[in-house]
>>> print(open('model.txt').read())   # compact mmCIF, N, CA and C atoms
# COMPACT_ATOMS: atom_id res chain seq x y z
N MET A 27 -6.12 69.52 3.76
CA MET A 27 -7.06 68.50 4.17
C MET A 27 -6.38 67.49 5.08
N LYS A 28 -7.16 66.91 5.98
CA LYS A 28 -6.61 65.97 6.95
C LYS A 28 -7.04 64.54 6.61
N PHE A 29 -6.24 63.60 7.11
CA PHE A 29 -6.57 62.19 6.99
C PHE A 29 -7.75 61.87 7.91
N SER A 30 -8.61 60.96 7.48
CA SER A 30 -9.67 60.48 8.37
C SER A 30 -9.07 59.42 9.30
N GLU A 31 -9.77 59.10 10.38
CA GLU A 31 -9.30 58.06 11.31
C GLU A 31 -9.08 56.74 10.57
N GLU A 32 -9.99 56.42 9.66
CA GLU A 32 -9.88 55.17 8.91
C GLU A 32 -8.64 55.16 8.01
N GLU A 33 -8.37 56.27 7.34
CA GLU A 33 -7.19 56.35 6.47
C GLU A 33 -5.90 56.20 7.26
N ILE A 34 -5.86 56.81 8.43
CA ILE A 34 -4.68 56.68 9.30
C ILE A 34 -4.51 55.22 9.71
N HIS A 35 -5.59 54.61 10.16
CA HIS A 35 -5.58 53.21 10.61
C HIS A 35 -5.14 52.27 9.49
N TYR A 36 -5.72 52.43 8.32
CA TYR A 36 -5.40 51.52 7.20
C TYR A 36 -3.97 51.69 6.71
N ALA A 37 -3.44 52.90 6.76
CA ALA A 37 -2.04 53.11 6.36
C ALA A 37 -1.12 52.32 7.29
N GLY A 38 -1.37 52.38 8.58
CA GLY A 38 -0.58 51.62 9.54
C GLY A 38 -0.76 50.12 9.39
N MET A 39 -2.01 49.69 9.20
CA MET A 39 -2.30 48.26 9.01
C MET A 39 -1.58 47.71 7.79
N ASN A 40 -1.65 48.42 6.69
CA ASN A 40 -0.97 47.95 5.46
C ASN A 40 0.53 47.85 5.66
N PHE A 41 1.11 48.86 6.29
CA PHE A 41 2.54 48.86 6.54
C PHE A 41 2.95 47.69 7.42
N ILE A 42 2.25 47.49 8.54
CA ILE A 42 2.60 46.41 9.46
C ILE A 42 2.36 45.05 8.81
N GLY A 43 1.30 44.91 8.05
CA GLY A 43 1.06 43.66 7.33
C GLY A 43 2.21 43.31 6.41
N GLU A 44 2.73 44.29 5.70
CA GLU A 44 3.88 44.07 4.82
C GLU A 44 5.13 43.71 5.62
N GLU A 45 5.33 44.37 6.77
CA GLU A 45 6.48 44.06 7.63
C GLU A 45 6.41 42.61 8.12
N LEU A 46 5.24 42.18 8.55
CA LEU A 46 5.07 40.81 9.04
C LEU A 46 5.33 39.79 7.94
N GLN A 47 4.82 40.05 6.75
CA GLN A 47 5.07 39.15 5.63
C GLN A 47 6.55 39.09 5.30
N ALA A 48 7.23 40.23 5.33
CA ALA A 48 8.67 40.26 5.05
C ALA A 48 9.46 39.45 6.07
N LEU A 49 8.93 39.34 7.29
CA LEU A 49 9.57 38.54 8.33
C LEU A 49 9.20 37.05 8.23
N GLY A 50 8.36 36.72 7.27
CA GLY A 50 8.02 35.32 7.03
C GLY A 50 6.81 34.82 7.79
N TYR A 51 6.01 35.71 8.35
CA TYR A 51 4.81 35.29 9.08
C TYR A 51 3.63 35.11 8.14
N GLU A 52 2.77 34.19 8.54
CA GLU A 52 1.52 33.98 7.83
C GLU A 52 0.39 34.45 8.73
N PHE A 53 -0.73 34.80 8.11
CA PHE A 53 -1.85 35.36 8.85
C PHE A 53 -2.92 34.30 9.10
N LEU A 54 -3.27 34.15 10.37
CA LEU A 54 -4.42 33.32 10.74
C LEU A 54 -5.68 34.17 10.76
N GLY A 55 -5.51 35.45 11.06
CA GLY A 55 -6.64 36.36 11.10
C GLY A 55 -6.19 37.79 10.99
N VAL A 56 -7.05 38.61 10.38
CA VAL A 56 -6.80 40.04 10.27
C VAL A 56 -8.09 40.75 10.66
N ASN A 57 -8.00 41.66 11.62
CA ASN A 57 -9.14 42.44 12.06
C ASN A 57 -8.84 43.90 11.75
N SER A 58 -9.42 44.42 10.70
CA SER A 58 -9.11 45.79 10.31
C SER A 58 -10.11 46.81 10.85
N ASP A 59 -11.00 46.36 11.76
CA ASP A 59 -11.94 47.31 12.36
C ASP A 59 -11.17 48.32 13.20
N LEU A 60 -11.58 49.55 13.09
CA LEU A 60 -10.95 50.64 13.84
C LEU A 60 -11.12 50.40 15.34
N LYS A 61 -10.03 50.52 16.08
CA LYS A 61 -9.99 50.41 17.54
C LYS A 61 -10.33 49.02 18.07
N LYS A 62 -10.16 47.98 17.27
CA LYS A 62 -10.34 46.60 17.73
C LYS A 62 -8.96 45.97 17.82
N HIS A 63 -8.73 45.21 18.88
CA HIS A 63 -7.43 44.58 19.07
C HIS A 63 -7.60 43.11 19.36
N PRO A 64 -6.69 42.26 18.93
CA PRO A 64 -5.53 42.56 18.09
C PRO A 64 -5.96 42.68 16.62
N GLN A 65 -5.11 43.32 15.83
CA GLN A 65 -5.39 43.46 14.41
C GLN A 65 -4.93 42.24 13.61
N PHE A 66 -3.82 41.63 14.04
CA PHE A 66 -3.28 40.48 13.33
C PHE A 66 -3.10 39.30 14.28
N VAL A 67 -3.42 38.12 13.79
CA VAL A 67 -3.07 36.87 14.47
C VAL A 67 -2.16 36.16 13.48
N ILE A 68 -0.89 35.95 13.89
CA ILE A 68 0.13 35.46 12.96
C ILE A 68 0.78 34.19 13.48
N PHE A 69 1.43 33.48 12.57
CA PHE A 69 2.22 32.32 12.99
C PHE A 69 3.36 32.09 12.01
N LYS A 70 4.33 31.37 12.52
CA LYS A 70 5.47 30.91 11.72
C LYS A 70 5.80 29.54 12.28
N SER A 71 6.16 28.62 11.42
CA SER A 71 6.46 27.25 11.84
C SER A 71 7.45 27.24 13.00
N GLY A 72 7.12 26.49 14.04
CA GLY A 72 8.00 26.36 15.19
C GLY A 72 7.85 27.45 16.23
N GLU A 73 6.97 28.41 16.00
CA GLU A 73 6.76 29.51 16.95
C GLU A 73 5.31 29.51 17.41
N PRO A 74 5.06 30.08 18.60
CA PRO A 74 3.67 30.17 19.06
C PRO A 74 2.87 31.16 18.22
N ILE A 75 1.58 31.04 18.27
CA ILE A 75 0.72 32.04 17.63
C ILE A 75 0.96 33.37 18.34
N THR A 76 0.96 34.44 17.58
CA THR A 76 1.21 35.77 18.12
C THR A 76 0.08 36.71 17.74
N PHE A 77 -0.39 37.48 18.72
CA PHE A 77 -1.36 38.54 18.48
C PHE A 77 -0.58 39.84 18.31
N VAL A 78 -0.92 40.62 17.30
CA VAL A 78 -0.23 41.89 17.05
C VAL A 78 -1.24 43.03 17.14
N MET A 79 -0.99 43.93 18.10
CA MET A 79 -1.80 45.14 18.24
C MET A 79 -1.11 46.24 17.45
N VAL A 80 -1.88 46.97 16.66
CA VAL A 80 -1.35 48.07 15.85
C VAL A 80 -2.06 49.36 16.26
N LYS A 81 -1.26 50.39 16.52
CA LYS A 81 -1.82 51.72 16.79
C LYS A 81 -1.13 52.70 15.85
N THR A 82 -1.93 53.42 15.07
CA THR A 82 -1.38 54.38 14.12
C THR A 82 -1.91 55.77 14.46
N VAL A 83 -0.99 56.73 14.52
CA VAL A 83 -1.35 58.11 14.86
C VAL A 83 -0.67 59.06 13.87
N LEU A 84 -1.08 60.30 13.91
CA LEU A 84 -0.38 61.35 13.16
C LEU A 84 0.67 61.95 14.08
N TYR A 85 1.90 62.07 13.58
CA TYR A 85 2.96 62.70 14.35
C TYR A 85 2.55 64.14 14.60
N PRO A 86 2.76 64.71 15.77
CA PRO A 86 3.63 64.31 16.85
C PRO A 86 2.95 63.49 17.96
N ASP A 87 1.74 62.97 17.74
CA ASP A 87 1.11 62.13 18.78
C ASP A 87 2.03 60.95 19.11
N ASN A 88 1.96 60.50 20.35
CA ASN A 88 2.82 59.42 20.84
C ASN A 88 2.41 58.09 20.21
N PHE A 89 3.28 57.53 19.38
CA PHE A 89 2.98 56.26 18.73
C PHE A 89 3.60 55.07 19.45
N THR A 90 4.31 55.31 20.55
CA THR A 90 4.96 54.21 21.26
C THR A 90 4.19 53.75 22.49
N ALA A 91 3.12 54.47 22.85
CA ALA A 91 2.32 54.12 24.03
C ALA A 91 1.38 52.96 23.70
N LEU A 92 1.35 51.97 24.57
CA LEU A 92 0.48 50.82 24.37
C LEU A 92 -0.99 51.23 24.38
N PRO A 93 -1.82 50.54 23.59
CA PRO A 93 -3.26 50.81 23.63
C PRO A 93 -3.84 50.47 25.01
N ASP A 94 -4.93 51.11 25.37
CA ASP A 94 -5.57 50.88 26.66
C ASP A 94 -6.00 49.42 26.86
N VAL A 95 -6.28 48.71 25.78
CA VAL A 95 -6.78 47.33 25.88
C VAL A 95 -5.67 46.30 26.02
N SER A 96 -4.44 46.72 26.18
CA SER A 96 -3.30 45.79 26.21
C SER A 96 -3.48 44.68 27.24
N GLU A 97 -3.93 45.04 28.43
CA GLU A 97 -4.09 44.02 29.48
C GLU A 97 -5.10 42.95 29.08
N LYS A 98 -6.19 43.36 28.45
CA LYS A 98 -7.20 42.40 28.00
C LYS A 98 -6.63 41.47 26.94
N VAL A 99 -5.86 42.02 26.02
CA VAL A 99 -5.27 41.20 24.96
C VAL A 99 -4.26 40.22 25.55
N VAL A 100 -3.46 40.66 26.52
CA VAL A 100 -2.49 39.78 27.17
C VAL A 100 -3.21 38.66 27.91
N GLU A 101 -4.28 38.97 28.62
CA GLU A 101 -5.03 37.93 29.33
C GLU A 101 -5.58 36.90 28.35
N HIS A 102 -6.10 37.37 27.23
CA HIS A 102 -6.60 36.46 26.19
C HIS A 102 -5.46 35.61 25.64
N ALA A 103 -4.31 36.22 25.41
CA ALA A 103 -3.15 35.48 24.88
C ALA A 103 -2.69 34.40 25.85
N LYS A 104 -2.70 34.71 27.14
CA LYS A 104 -2.31 33.71 28.14
C LYS A 104 -3.22 32.49 28.08
N ARG A 105 -4.53 32.73 27.93
CA ARG A 105 -5.48 31.62 27.83
C ARG A 105 -5.27 30.81 26.55
N GLN A 106 -4.75 31.48 25.51
CA GLN A 106 -4.54 30.83 24.22
C GLN A 106 -3.11 30.29 24.07
N ASP A 107 -2.28 30.47 25.10
CA ASP A 107 -0.89 30.05 25.05
C ASP A 107 -0.15 30.75 23.90
N SER A 108 -0.38 32.05 23.77
CA SER A 108 0.14 32.85 22.66
C SER A 108 0.96 34.03 23.15
N SER A 109 1.64 34.68 22.21
CA SER A 109 2.43 35.87 22.49
C SER A 109 1.68 37.11 22.02
N VAL A 110 2.12 38.28 22.51
CA VAL A 110 1.52 39.55 22.10
C VAL A 110 2.63 40.52 21.73
N TRP A 111 2.49 41.14 20.57
CA TRP A 111 3.40 42.20 20.13
C TRP A 111 2.60 43.47 19.95
N PHE A 112 3.32 44.60 20.05
CA PHE A 112 2.73 45.90 19.77
C PHE A 112 3.52 46.57 18.66
N ALA A 113 2.79 47.16 17.72
CA ALA A 113 3.41 47.91 16.62
C ALA A 113 2.84 49.32 16.63
N GLY A 114 3.64 50.27 17.08
CA GLY A 114 3.24 51.68 17.08
C GLY A 114 3.74 52.34 15.81
N VAL A 115 2.85 53.03 15.12
CA VAL A 115 3.17 53.65 13.84
C VAL A 115 2.71 55.10 13.86
N ALA A 116 3.52 55.98 13.29
CA ALA A 116 3.11 57.38 13.12
C ALA A 116 3.31 57.79 11.67
N LEU A 117 2.40 58.60 11.20
CA LEU A 117 2.52 59.18 9.86
C LEU A 117 2.97 60.62 10.03
N CYS A 118 3.96 61.03 9.23
CA CYS A 118 4.43 62.41 9.29
C CYS A 118 4.68 62.92 7.88
N ASP A 119 4.86 64.22 7.77
CA ASP A 119 5.16 64.85 6.49
C ASP A 119 6.47 64.28 5.93
N ALA A 120 6.51 64.01 4.64
CA ALA A 120 7.69 63.41 4.02
C ALA A 120 8.91 64.32 4.08
N GLU A 121 8.71 65.61 4.08
CA GLU A 121 9.83 66.55 4.07
C GLU A 121 10.26 66.99 5.47
N ASN A 122 9.29 67.02 6.40
CA ASN A 122 9.58 67.49 7.75
C ASN A 122 8.90 66.55 8.75
N GLU A 123 9.69 65.68 9.39
CA GLU A 123 9.15 64.69 10.31
C GLU A 123 8.46 65.31 11.52
N GLN A 124 8.67 66.58 11.77
CA GLN A 124 8.05 67.24 12.92
C GLN A 124 6.62 67.69 12.62
N LEU A 125 6.17 67.51 11.39
CA LEU A 125 4.83 67.94 11.00
C LEU A 125 3.95 66.75 10.66
N PRO A 126 2.65 66.85 10.97
CA PRO A 126 1.74 65.79 10.54
C PRO A 126 1.57 65.87 9.01
N PRO A 127 1.18 64.77 8.39
CA PRO A 127 1.02 64.80 6.94
C PRO A 127 -0.28 65.48 6.52
N SER A 128 -0.32 65.91 5.29
CA SER A 128 -1.54 66.44 4.70
C SER A 128 -2.03 65.45 3.66
N LEU A 129 -3.33 65.29 3.59
CA LEU A 129 -3.92 64.36 2.63
C LEU A 129 -3.55 64.78 1.22
N GLY A 130 -3.09 63.84 0.44
CA GLY A 130 -2.70 64.11 -0.95
C GLY A 130 -1.23 64.49 -1.10
N SER A 131 -0.53 64.69 0.02
CA SER A 131 0.90 65.01 -0.03
C SER A 131 1.70 63.79 0.41
N PRO A 132 2.95 63.70 -0.03
CA PRO A 132 3.78 62.56 0.40
C PRO A 132 3.95 62.53 1.91
N TYR A 133 3.97 61.32 2.47
CA TYR A 133 4.19 61.17 3.90
C TYR A 133 5.17 60.04 4.16
N LYS A 134 5.74 60.06 5.37
CA LYS A 134 6.65 59.02 5.82
C LYS A 134 5.98 58.25 6.94
N ILE A 135 6.45 57.02 7.12
CA ILE A 135 5.96 56.20 8.22
C ILE A 135 7.09 56.06 9.23
N LEU A 136 6.79 56.38 10.49
CA LEU A 136 7.74 56.20 11.58
C LEU A 136 7.36 54.91 12.31
N PHE A 137 8.33 54.03 12.50
CA PHE A 137 8.09 52.75 13.15
C PHE A 137 9.38 52.33 13.83
N ASN A 138 9.31 52.03 15.13
CA ASN A 138 10.50 51.66 15.89
C ASN A 138 10.65 50.17 16.11
N GLY A 139 9.94 49.37 15.34
CA GLY A 139 10.01 47.93 15.48
C GLY A 139 8.92 47.40 16.39
N PHE A 140 8.82 46.09 16.44
CA PHE A 140 7.80 45.43 17.25
C PHE A 140 8.25 45.38 18.70
N LYS A 141 7.32 45.68 19.59
CA LYS A 141 7.59 45.61 21.03
C LYS A 141 6.91 44.35 21.56
N ILE A 142 7.67 43.51 22.23
CA ILE A 142 7.10 42.30 22.81
C ILE A 142 6.42 42.67 24.12
N VAL A 143 5.11 42.45 24.17
CA VAL A 143 4.30 42.79 25.33
C VAL A 143 4.16 41.57 26.25
N HIS A 144 4.02 40.40 25.64
CA HIS A 144 3.87 39.16 26.38
C HIS A 144 4.49 38.04 25.55
N THR A 145 5.26 37.19 26.21
CA THR A 145 5.89 36.06 25.53
C THR A 145 5.19 34.77 25.94
N HIS A 146 4.96 33.95 24.97
CA HIS A 146 4.38 32.62 25.18
C HIS A 146 5.25 31.90 26.21
N GLU A 147 4.63 31.26 27.18
CA GLU A 147 5.40 30.58 28.23
C GLU A 147 5.36 29.09 28.06
>>> encode(input="model.txt", output="C-alpha cells")
Amino acid sequence: MKFSEEEIHYAGMNFIGEELQALGYEFLGVNSDLKKHPQFVIFKSGEPITFVMVKTVLYPDNFTALPDVSEKVVEHAKRQDSSVWFAGVALCDAENEQLPPSLGSPYKILFNGFKIVHTHE
C-alpha cells in the first residue's frame, strides 16, 4: 500500500515542526493545507519573522528543489520585512534508502537542513 498525498505532507510537517521547536522557534502560524505556502510562520526573540516552506516527497523524487511558488512567497516576505526558508523532506524505506516507503512499514526521513531562500534586509 502507498502513502496518500496528505500522509506524506503531514509526516514532513510534523518532522519540520519538531525541528523548528528544537531550534527554539515559536509559531505565529501553521498552515497544514496541502500545497499551500508557507506552512510555518516562526519567530525567535531578536530575529525577524521567518516563513518556512515545506515540501515532502517519497524518495527518489527530488526533495531539494524549491516549490514553484517560491517567488511569490519571497515577494510577500519582502513586503513583510521577513525571511524565507525552505525545508525539503523525503520519506524512504527504513532498510533501503533507495526505495520509497510502504504504508505500515518503518520509514526514514531524509532532510538536508534548512535552505535560506531570502534573508530579511
>>> select_by_dssp(input="model.txt", residues="range 100-130 of chain A", states="alpha helix (DSSP H)", output="PyMOL selection string")
chain A and resi 100-106
>>> write_last_selection(input="model.txt", atoms="N, CA and C atoms", output="PDB file, in the coordinates of the input")
ATOM      1  N   VAL A 100      -3.460  40.660  26.520  1.00  0.00           N
ATOM      2  CA  VAL A 100      -2.490  39.780  27.170  1.00  0.00           C
ATOM      3  C   VAL A 100      -3.210  38.660  27.910  1.00  0.00           C
ATOM      4  N   GLU A 101      -4.280  38.970  28.620  1.00  0.00           N
ATOM      5  CA  GLU A 101      -5.030  37.930  29.330  1.00  0.00           C
ATOM      6  C   GLU A 101      -5.580  36.900  28.350  1.00  0.00           C
ATOM      7  N   HIS A 102      -6.100  37.370  27.230  1.00  0.00           N
ATOM      8  CA  HIS A 102      -6.600  36.460  26.190  1.00  0.00           C
ATOM      9  C   HIS A 102      -5.460  35.610  25.640  1.00  0.00           C
ATOM     10  N   ALA A 103      -4.310  36.220  25.410  1.00  0.00           N
ATOM     11  CA  ALA A 103      -3.150  35.480  24.880  1.00  0.00           C
ATOM     12  C   ALA A 103      -2.690  34.400  25.850  1.00  0.00           C
ATOM     13  N   LYS A 104      -2.700  34.710  27.140  1.00  0.00           N
ATOM     14  CA  LYS A 104      -2.310  33.710  28.140  1.00  0.00           C
ATOM     15  C   LYS A 104      -3.220  32.490  28.080  1.00  0.00           C
ATOM     16  N   ARG A 105      -4.530  32.730  27.930  1.00  0.00           N
ATOM     17  CA  ARG A 105      -5.480  31.620  27.830  1.00  0.00           C
ATOM     18  C   ARG A 105      -5.270  30.810  26.550  1.00  0.00           C
ATOM     19  N   GLN A 106      -4.750  31.480  25.510  1.00  0.00           N
ATOM     20  CA  GLN A 106      -4.540  30.830  24.220  1.00  0.00           C
ATOM     21  C   GLN A 106      -3.110  30.290  24.070  1.00  0.00           C
TER      22      GLN A 106
END
>>> residues_around(input="model.txt", residues="Asn57 in chain A", least_positions_apart="6", cutoff="6.5 Å", atoms="all atoms listed in the file", output="JSON, numbers by chain")
{"A": [64, 65, 66, 67]}
>>> closest_residue(input="model.txt", among="A:Lys70, A:His146, A:Lys134, A:Lys81", to="Asp107 in chain A", atoms="only N, CA and C atoms")
A:His146
>>> select_by_dssp(input="model.txt", residues="range 32-134 of chain A", states="strand (DSSP E)", output="PDB file with N, CA and C atoms, keeping the file's coordinate frame")
ATOM      1  N   GLU A  52       2.770  34.190   8.540  1.00  0.00           N
ATOM      2  CA  GLU A  52       1.520  33.980   7.830  1.00  0.00           C
ATOM      3  C   GLU A  52       0.390  34.450   8.730  1.00  0.00           C
ATOM      4  N   PHE A  53      -0.730  34.800   8.110  1.00  0.00           N
ATOM      5  CA  PHE A  53      -1.850  35.360   8.850  1.00  0.00           C
ATOM      6  C   PHE A  53      -2.920  34.300   9.100  1.00  0.00           C
ATOM      7  N   LEU A  54      -3.270  34.150  10.370  1.00  0.00           N
ATOM      8  CA  LEU A  54      -4.420  33.320  10.740  1.00  0.00           C
ATOM      9  C   LEU A  54      -5.680  34.170  10.760  1.00  0.00           C
ATOM     10  N   GLY A  55      -5.510  35.450  11.060  1.00  0.00           N
ATOM     11  CA  GLY A  55      -6.640  36.360  11.100  1.00  0.00           C
ATOM     12  C   GLY A  55      -6.190  37.790  10.990  1.00  0.00           C
ATOM     13  N   VAL A  56      -7.050  38.610  10.380  1.00  0.00           N
ATOM     14  CA  VAL A  56      -6.800  40.040  10.270  1.00  0.00           C
ATOM     15  C   VAL A  56      -8.090  40.750  10.660  1.00  0.00           C
ATOM     16  N   PHE A  66      -3.820  41.630  14.040  1.00  0.00           N
ATOM     17  CA  PHE A  66      -3.280  40.480  13.330  1.00  0.00           C
ATOM     18  C   PHE A  66      -3.100  39.300  14.280  1.00  0.00           C
ATOM     19  N   VAL A  67      -3.420  38.120  13.790  1.00  0.00           N
ATOM     20  CA  VAL A  67      -3.070  36.870  14.470  1.00  0.00           C
ATOM     21  C   VAL A  67      -2.160  36.160  13.480  1.00  0.00           C
ATOM     22  N   ILE A  68      -0.890  35.950  13.890  1.00  0.00           N
ATOM     23  CA  ILE A  68       0.130  35.460  12.960  1.00  0.00           C
ATOM     24  C   ILE A  68       0.780  34.190  13.480  1.00  0.00           C
ATOM     25  N   PHE A  69       1.430  33.480  12.570  1.00  0.00           N
ATOM     26  CA  PHE A  69       2.220  32.320  12.990  1.00  0.00           C
ATOM     27  C   PHE A  69       3.360  32.090  12.010  1.00  0.00           C
ATOM     28  N   THR A  76       0.960  34.440  17.580  1.00  0.00           N
ATOM     29  CA  THR A  76       1.210  35.770  18.120  1.00  0.00           C
ATOM     30  C   THR A  76       0.080  36.710  17.740  1.00  0.00           C
ATOM     31  N   PHE A  77      -0.390  37.480  18.720  1.00  0.00           N
ATOM     32  CA  PHE A  77      -1.360  38.540  18.480  1.00  0.00           C
ATOM     33  C   PHE A  77      -0.580  39.840  18.310  1.00  0.00           C
ATOM     34  N   VAL A  78      -0.920  40.620  17.300  1.00  0.00           N
ATOM     35  CA  VAL A  78      -0.230  41.890  17.050  1.00  0.00           C
ATOM     36  C   VAL A  78      -1.240  43.030  17.140  1.00  0.00           C
ATOM     37  N   MET A  79      -0.990  43.930  18.100  1.00  0.00           N
ATOM     38  CA  MET A  79      -1.800  45.140  18.240  1.00  0.00           C
ATOM     39  C   MET A  79      -1.110  46.240  17.450  1.00  0.00           C
ATOM     40  N   VAL A  80      -1.880  46.970  16.660  1.00  0.00           N
ATOM     41  CA  VAL A  80      -1.350  48.070  15.850  1.00  0.00           C
ATOM     42  C   VAL A  80      -2.060  49.360  16.260  1.00  0.00           C
ATOM     43  N   LYS A  81      -1.260  50.390  16.520  1.00  0.00           N
ATOM     44  CA  LYS A  81      -1.820  51.720  16.790  1.00  0.00           C
ATOM     45  C   LYS A  81      -1.130  52.700  15.850  1.00  0.00           C
ATOM     46  N   THR A  82      -1.930  53.420  15.070  1.00  0.00           N
ATOM     47  CA  THR A  82      -1.380  54.380  14.120  1.00  0.00           C
ATOM     48  C   THR A  82      -1.910  55.770  14.460  1.00  0.00           C
ATOM     49  N   VAL A  83      -0.990  56.730  14.520  1.00  0.00           N
ATOM     50  CA  VAL A  83      -1.350  58.110  14.860  1.00  0.00           C
ATOM     51  C   VAL A  83      -0.670  59.060  13.870  1.00  0.00           C
ATOM     52  N   LEU A  84      -1.080  60.300  13.910  1.00  0.00           N
ATOM     53  CA  LEU A  84      -0.380  61.350  13.160  1.00  0.00           C
ATOM     54  C   LEU A  84       0.670  61.950  14.080  1.00  0.00           C
ATOM     55  N   SER A 109       1.640  34.680  22.210  1.00  0.00           N
ATOM     56  CA  SER A 109       2.430  35.870  22.490  1.00  0.00           C
ATOM     57  C   SER A 109       1.680  37.110  22.020  1.00  0.00           C
ATOM     58  N   VAL A 110       2.120  38.280  22.510  1.00  0.00           N
ATOM     59  CA  VAL A 110       1.520  39.550  22.100  1.00  0.00           C
ATOM     60  C   VAL A 110       2.630  40.520  21.730  1.00  0.00           C
ATOM     61  N   TRP A 111       2.490  41.140  20.570  1.00  0.00           N
ATOM     62  CA  TRP A 111       3.400  42.200  20.130  1.00  0.00           C
ATOM     63  C   TRP A 111       2.600  43.470  19.950  1.00  0.00           C
ATOM     64  N   PHE A 112       3.320  44.600  20.050  1.00  0.00           N
ATOM     65  CA  PHE A 112       2.730  45.900  19.770  1.00  0.00           C
ATOM     66  C   PHE A 112       3.520  46.570  18.660  1.00  0.00           C
ATOM     67  N   ALA A 113       2.790  47.160  17.720  1.00  0.00           N
ATOM     68  CA  ALA A 113       3.410  47.910  16.620  1.00  0.00           C
ATOM     69  C   ALA A 113       2.840  49.320  16.630  1.00  0.00           C
ATOM     70  N   GLY A 114       3.640  50.270  17.080  1.00  0.00           N
ATOM     71  CA  GLY A 114       3.240  51.680  17.080  1.00  0.00           C
ATOM     72  C   GLY A 114       3.740  52.340  15.810  1.00  0.00           C
ATOM     73  N   VAL A 115       2.850  53.030  15.120  1.00  0.00           N
ATOM     74  CA  VAL A 115       3.170  53.650  13.840  1.00  0.00           C
ATOM     75  C   VAL A 115       2.710  55.100  13.860  1.00  0.00           C
ATOM     76  N   ALA A 116       3.520  55.980  13.290  1.00  0.00           N
ATOM     77  CA  ALA A 116       3.110  57.380  13.120  1.00  0.00           C
ATOM     78  C   ALA A 116       3.310  57.790  11.670  1.00  0.00           C
ATOM     79  N   LEU A 117       2.400  58.600  11.200  1.00  0.00           N
ATOM     80  CA  LEU A 117       2.520  59.180   9.860  1.00  0.00           C
ATOM     81  C   LEU A 117       2.970  60.620  10.030  1.00  0.00           C
ATOM     82  N   CYS A 118       3.960  61.030   9.230  1.00  0.00           N
ATOM     83  CA  CYS A 118       4.430  62.410   9.290  1.00  0.00           C
ATOM     84  C   CYS A 118       4.680  62.920   7.880  1.00  0.00           C
ATOM     85  N   ASP A 119       4.860  64.220   7.770  1.00  0.00           N
ATOM     86  CA  ASP A 119       5.160  64.850   6.490  1.00  0.00           C
ATOM     87  C   ASP A 119       6.470  64.280   5.930  1.00  0.00           C
ATOM     88  N   TYR A 133       3.970  61.320   2.470  1.00  0.00           N
ATOM     89  CA  TYR A 133       4.190  61.170   3.900  1.00  0.00           C
ATOM     90  C   TYR A 133       5.170  60.040   4.160  1.00  0.00           C
ATOM     91  N   LYS A 134       5.740  60.060   5.370  1.00  0.00           N
ATOM     92  CA  LYS A 134       6.650  59.020   5.820  1.00  0.00           C
ATOM     93  C   LYS A 134       5.980  58.250   6.940  1.00  0.00           C
TER      94      LYS A 134
END
>>> closest_residue(input="model.txt", among="A:Ile42, A:Ala120, A:Leu125, A:Leu84", to="Gly139 in chain A", atoms="only C-alpha atoms")
A:Ile42
>>> atom_distance(input="model.txt", atom1="atom N of Asp59 in chain A", atom2="atom N of Gln124 in chain A")
28.2 Å
>>> residues_around(input="model.txt", residues="Phe89 in chain A", least_positions_apart="2", cutoff="8 Å", atoms="only C-alpha atoms", output="PyMOL selection string")
chain A and resi 81-83+85+87+91+114-116
>>> atom_distance(input="model.txt", atom1="atom N of Phe29 in chain A", atom2="atom N of Val80 in chain A")
19.7 Å
>>> closest_residue(input="model.txt", among="A:Tyr133, A:His63, A:Val143, A:Phe77", to="Leu117 in chain A", atoms="only N, CA and C atoms")
A:Tyr133
>>> residues_around(input="model.txt", residues="Trp111 in chain A", least_positions_apart="2", cutoff="6 Å", atoms="all atoms listed in the file", output="number ranges by chain")
A: 76-79, 109, 113, 140-144
>>> write_last_selection(input="model.txt", atoms="N, CA and C atoms", output="CSV table (one decimal), in the frame of the given file")
chain,number,residue,atom,x,y,z
A,76,THR,N,1.0,34.4,17.6
A,76,THR,CA,1.2,35.8,18.1
A,76,THR,C,0.1,36.7,17.7
A,77,PHE,N,-0.4,37.5,18.7
A,77,PHE,CA,-1.4,38.5,18.5
A,77,PHE,C,-0.6,39.8,18.3
A,78,VAL,N,-0.9,40.6,17.3
A,78,VAL,CA,-0.2,41.9,17.0
A,78,VAL,C,-1.2,43.0,17.1
A,79,MET,N,-1.0,43.9,18.1
A,79,MET,CA,-1.8,45.1,18.2
A,79,MET,C,-1.1,46.2,17.4
A,109,SER,N,1.6,34.7,22.2
A,109,SER,CA,2.4,35.9,22.5
A,109,SER,C,1.7,37.1,22.0
A,113,ALA,N,2.8,47.2,17.7
A,113,ALA,CA,3.4,47.9,16.6
A,113,ALA,C,2.8,49.3,16.6
A,140,PHE,N,8.8,46.1,16.4
A,140,PHE,CA,7.8,45.4,17.2
A,140,PHE,C,8.2,45.4,18.7
A,141,LYS,N,7.3,45.7,19.6
A,141,LYS,CA,7.6,45.6,21.0
A,141,LYS,C,6.9,44.4,21.6
A,142,ILE,N,7.7,43.5,22.2
A,142,ILE,CA,7.1,42.3,22.8
A,142,ILE,C,6.4,42.7,24.1
A,143,VAL,N,5.1,42.4,24.2
A,143,VAL,CA,4.3,42.8,25.3
A,143,VAL,C,4.2,41.6,26.2
A,144,HIS,N,4.0,40.4,25.6
A,144,HIS,CA,3.9,39.2,26.4
A,144,HIS,C,4.5,38.0,25.6
>>> closest_residue(input="model.txt", among="A:Gln47, A:Ser71, A:Thr145, A:Asn88", to="Ala103 in chain A", atoms="all atoms listed in the file")
A:Thr145
>>> atom_distance(input="model.txt", atom1="atom C of Ala37 in chain A", atom2="CA of Cys118 in chain A")
11.7 Å
